[in-house]
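Remarks on the structure that follows.
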Amino acid sequence: MTLAFDDVVCGYGDTVVVRGVSGQVQPGQALAVVGRNGVGKSTLLKALAGQLPLTRGRISWNGALLAGTPLHTRLGLGIAYAPQENVVFGELTVADNLWLHLNDRATSRYEELFALFPLLQRRLNQRAGSLSGGERKLLSFTRTIGLQARLSMLDEPTEGVQPENIDRMATAVNRRKADGASFIVVEQNLEFVAAVADSVIVLDHGEVVLHGRFAELGRERIEQHMVV
Ligand SMILES: Nc1ncnc2c1ncn2[C@@H]1O[C@H](COP(=O)(O)OP(=O)(O)O)[C@@H](O)[C@H]1O
Ligand SMILES: [Mg+2]
């Protein structure tokens, strides 16, 4: 199933943030959305996830228009979303954060992920609020990957995460891609982008300034657009 978005315009109230952005991601592929702080990456992802109405444009999933489909309905369609902020419930345990939204307590869906991130398994009975910022991002990432969605949208999943665990996050994403799942990843960490992305969109002031296959664009050209 392919997610395609075309001429997306959105923002907050009268303020236009995303100005006509198009792109698509196919099964087994990852699209990275990169750019400096404040250029509209999270705003675009919120719109793709159904958290923000479109001022203009179309989003389709497997050919069917998604406009107006709320987030919880999108989950049923196989689309998951991990926002940049407010990623875990601090008062709940790590285990409750992982299983809260599921009907079963089966550990099988997290087994491979616990092998990659043993710290989460060790802390299953601790309050999520006792984790560091990076560990909470890792928990949010693990919960999202565990959903085994057809498409996962991740907003800066590696923010504050230790380098060793960032490599393992890339491993987890690439395993899911090998199973045919797709990803849209907002990222500042080009190491992670290089490890997972097939194609990339570079945003500046809400517009696409560069897009194409990651390997063809090359890291240096992408980096030039991210210098403050
Ligand atoms: N909830 C909001 N209400 C009003 N403006 C917002 C809101 N969230 C973000 N913005 C503004 O939208 C612009 C883009 O923000 P954002 O999409 O978060 O950028 P990025 O994720 O690329 O850092 C910024 O100028 C930011 O201040
Ligand atoms: Mg952001």
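By order in the structure tokens, chains are A, B, ...; within a chain, residues start at 1; ligands start at 1, following the order shown.
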
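Counting only C-alpha atoms, Ala172 in chain A has the following residues at most 12 Å away, ignoring those fewer than 5 positions along the same chain: A:Tyr110, A:Glu111, A:Glu112, A:Leu113, A:Phe114, A:Ala115, A:Leu116, A:Phe117, A:Leu138, A:Phe141, A:Thr142, A:Thr144, A:Ile145, A:Gly146, A:Gln148, A:Asn165, A:Ile166, A:Asp167, A:Lys177, A:Ala178, A:Asp179, A:Ala181, A:Phe183, A:Phe192, A:Ala195, A:Val196.
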
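CA of Asn97 in chain A is found 11.1 Å from CA of Leu120 in chain A.
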
Exercise. Write down as a PyMOL selection string the residues of range 14-206 of chain A whose backbone DSSP state falls under helix (DSSP H, G or I).
Key: chain A and resi 41-49+71-76+94-99+108-116+118-122+128-130+133-146+163-178+190-196

Around ligand 2, at most 9 Å away and counting only C-alpha atoms and all ligand atoms, which residues are there? Put them as a JSON list (two decimals) with C-alpha atoms, in the first residue's frame, please.
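selection-v1.json, written as the output of this step:
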[["chain", "number", "residue", "atom", "x", "y", "z"],
["A", 37, "ASN", "CA", 14.16, 23.54, 13.18],
["A", 38, "GLY", "CA", 10.89, 25.31, 12.57],
["A", 39, "VAL", "CA", 10.58, 24.68, 8.81],
["A", 40, "GLY", "CA", 7.33, 22.68, 9.19],
["A", 41, "LYS", "CA", 8.40, 19.02, 9.41],
["A", 42, "SER", "CA", 6.23, 18.17, 12.41],
["A", 43, "THR", "CA", 3.34, 20.19, 10.99],
["A", 45, "LEU", "CA", 3.57, 14.89, 9.73],
["A", 83, "PRO", "CA", 4.55, 12.40, 17.58],
["A", 84, "GLN", "CA", 7.64, 14.40, 18.54],
["A", 85, "GLU", "CA", 6.32, 15.49, 21.95],
["A", 155, "ASP", "CA", 8.72, 12.35, 14.34],
["A", 156, "GLU", "CA", 12.39, 12.68, 15.36],
["A", 186, "VAL", "CA", 11.20, 13.21, 10.33],
["A", 187, "GLU", "CA", 14.85, 13.41, 11.34]]

Self-check item: Nearby residues (only C-alpha atoms) at most 8 Å from Gly23 in chain A, same-chain spacing under 6 positions excluded, as an NGL selection string
Solution: :A and (4-6 or 201)

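Ranking A:Leu139, A:His101, A:Arg150, A:Leu52 by their shortest atom-to-atom distance to Gly13 in chain A, with only C-alpha atoms included, puts A:Leu52 first.
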
Exercise. Just list the residues in range 29-193 of chain A DSSP gives strand (DSSP E or B) on the backbone, as a VMD selection string.
Key: chain A and resid 30 to 34 56 to 61 64 to 65 79 to 82 93 127 151 to 155 182 to 186

Quiz item: Which value, in Å to one decimal, gives the distance between CA of Ala64 in chain A and atom 9 (C, counted along the ligand's line) of ligand 1?
Solution: 28.1 Å

Quiz prompt | Near-Ser132 in chain A list (12 Å; only C-alpha atoms; drop same-chain fewer than 6 positions) as a PyMOL selection string | solution = chain A and resi 88+90+119-120+138-139+159-162

Quiz item: Within 10 Å of Ala197 in chain A, counting only C-alpha atoms, which residues qualify if same-chain residues fewer than 5 places away don't, as a list in words?
Solution: Gln29, Ala30, Leu31, Ala32, Val33, Ala170, Val173, Asn174, Phe183, Ile184, Val185, Leu190, Phe192, Arg213, Phe214 and Ala215 of chain A

Exercise. Find the residues near Leu77 in chain A: any atom within 9 Å, counting only C-alpha atoms, skip ones fewer than 4 places away on the same chain, and give them as a VMD selection string.
Key: chain A and resid 61 73 149 to 150

Let's have the selection written as a PDB file, in the first residue's frame, with C-alpha atoms.
ATOM      1  CA  TRP A  61      -3.645   5.477   1.055  1.00  0.00           C
ATOM      2  CA  THR A  73      -9.417   5.221  12.231  1.00  0.00           C
ATOM      3  CA  ALA A 149       1.625  -1.120  11.102  1.00  0.00           C
ATOM      4  CA  ARG A 150       1.844  -1.076   7.305  1.00  0.00           C
TER       5      ARG A 150
END

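Using only C-alpha atoms, the smallest distance between any of A:Ser60, A:Thr93, A:Gln24, A:Thr171 and Arg123 in chain A comes from A:Thr93.
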
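The spacing separating CA of His72 in chain A from CA of Gly50 in chain A amounts to 9.1 Å.
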
Residue contacts of Ile222 in chain A (10 Å, only C-alpha atoms) excluding same-chain residues fewer than 5 positions away, as a compact mmCIF listing (two decimals) with all heavy atoms, in the first residue's frame:
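And here's around21.txt as it stands now:
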# COMPACT_ATOMS: atom_id res chain seq x y z
N VAL A 34 13.54 15.99 6.14
CA VAL A 34 14.58 16.66 6.92
C VAL A 34 14.51 18.16 6.69
O VAL A 34 13.81 18.66 5.79
CB VAL A 34 15.99 16.10 6.58
CG1 VAL A 34 16.03 14.60 6.72
CG2 VAL A 34 16.43 16.51 5.19
N GLY A 35 15.27 18.88 7.51
CA GLY A 35 15.30 20.34 7.41
C GLY A 35 15.57 20.93 8.79
O GLY A 35 15.47 20.24 9.79
N LEU A 190 21.35 12.72 10.30
CA LEU A 190 21.54 12.22 8.93
C LEU A 190 22.19 10.84 8.90
O LEU A 190 22.10 10.13 7.90
CB LEU A 190 22.33 13.22 8.10
CG LEU A 190 21.58 14.50 7.73
CD1 LEU A 190 22.39 15.34 6.75
CD2 LEU A 190 20.20 14.21 7.12
N VAL A 200 14.26 11.10 0.16
CA VAL A 200 14.28 12.18 1.14
C VAL A 200 13.64 13.43 0.56
O VAL A 200 13.72 13.69 -0.64
CB VAL A 200 15.74 12.43 1.63
CG1 VAL A 200 16.64 12.78 0.48
CG2 VAL A 200 15.80 13.49 2.70
N ILE A 201 12.95 14.14 1.45
CA ILE A 201 12.41 15.47 1.14
C ILE A 201 13.10 16.44 2.08
O ILE A 201 13.10 16.23 3.29
CB ILE A 201 10.88 15.52 1.42
CG1 ILE A 201 10.09 14.73 0.40
CG2 ILE A 201 10.38 16.95 1.44
CD1 ILE A 201 8.59 14.75 0.69
N VAL A 202 13.67 17.51 1.53
CA VAL A 202 14.25 18.55 2.38
C VAL A 202 13.31 19.74 2.35
O VAL A 202 12.97 20.25 1.28
CB VAL A 202 15.65 18.98 1.90
CG1 VAL A 202 16.26 19.99 2.87
CG2 VAL A 202 16.57 17.77 1.77
N VAL A 209 12.69 21.94 -0.94
CA VAL A 209 13.81 22.55 -1.68
C VAL A 209 14.67 21.49 -2.35
O VAL A 209 15.49 21.80 -3.22
CB VAL A 209 14.67 23.46 -0.77
CG1 VAL A 209 13.88 24.71 -0.41
CG2 VAL A 209 15.13 22.72 0.48
N LEU A 210 14.49 20.23 -1.95
CA LEU A 210 15.27 19.15 -2.53
C LEU A 210 14.49 17.86 -2.30
O LEU A 210 13.95 17.66 -1.21
CB LEU A 210 16.61 19.07 -1.80
CG LEU A 210 17.80 18.34 -2.44
CD1 LEU A 210 18.20 19.03 -3.73
CD2 LEU A 210 18.98 18.34 -1.47
N HIS A 211 14.39 17.02 -3.31
CA HIS A 211 13.81 15.71 -3.06
C HIS A 211 14.34 14.71 -4.07
O HIS A 211 14.77 15.06 -5.16
CB HIS A 211 12.27 15.74 -3.07
CG HIS A 211 11.65 15.70 -4.42
ND1 HIS A 211 10.70 14.79 -4.79
CD2 HIS A 211 11.88 16.46 -5.50
CE1 HIS A 211 10.36 15.01 -6.04
NE2 HIS A 211 11.05 16.01 -6.49
N PHE A 214 17.84 9.07 -1.75
CA PHE A 214 18.90 9.49 -0.83
C PHE A 214 20.27 9.26 -1.46
O PHE A 214 21.15 10.12 -1.44
CB PHE A 214 18.79 8.73 0.50
CG PHE A 214 19.81 9.18 1.52
CD1 PHE A 214 19.55 10.28 2.33
CD2 PHE A 214 21.02 8.53 1.64
CE1 PHE A 214 20.49 10.72 3.24
CE2 PHE A 214 21.96 8.96 2.56
CZ PHE A 214 21.70 10.06 3.36
N LEU A 217 21.04 11.89 -4.22
CA LEU A 217 21.25 13.26 -3.75
C LEU A 217 22.59 13.39 -3.05
O LEU A 217 23.31 14.37 -3.22
CB LEU A 217 20.13 13.67 -2.79
CG LEU A 217 18.73 13.80 -3.38
CD1 LEU A 217 17.73 14.07 -2.28
CD2 LEU A 217 18.69 14.92 -4.41
N VAL A 227 22.23 23.63 7.15
CA VAL A 227 23.10 24.56 7.88
C VAL A 227 22.25 25.78 8.27
O VAL A 227 21.52 26.33 7.46
CB VAL A 227 24.28 25.01 7.00
CG1 VAL A 227 25.21 25.92 7.78
CG2 VAL A 227 25.02 23.79 6.50

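The smallest atom-to-atom distance between Gln51 in chain A and any of A:Ala67, A:Leu154, A:Leu147, A:Leu92, using only C-alpha atoms, is found for A:Ala67.
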
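When only C-alpha atoms are used to measure the gap to Val25 in chain A, the shortest distance among A:Leu100, A:Leu71, A:Leu151, A:Val8 belongs to A:Leu151.
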
Quiz item: A:Gly57, A:Gly133, A:Gly11, A:Pro27: which is nearest ligand 1, counting only C-alpha atoms and all ligand atoms?
Solution: A:Gly11

Practice problem: Point out the residue among A:Gly206, A:Gly212, A:Gly129, A:Gly218 with the least atom-to-atom distance to ligand 1, counting only C-alpha atoms and all ligand atoms. | Solution: A:Gly206
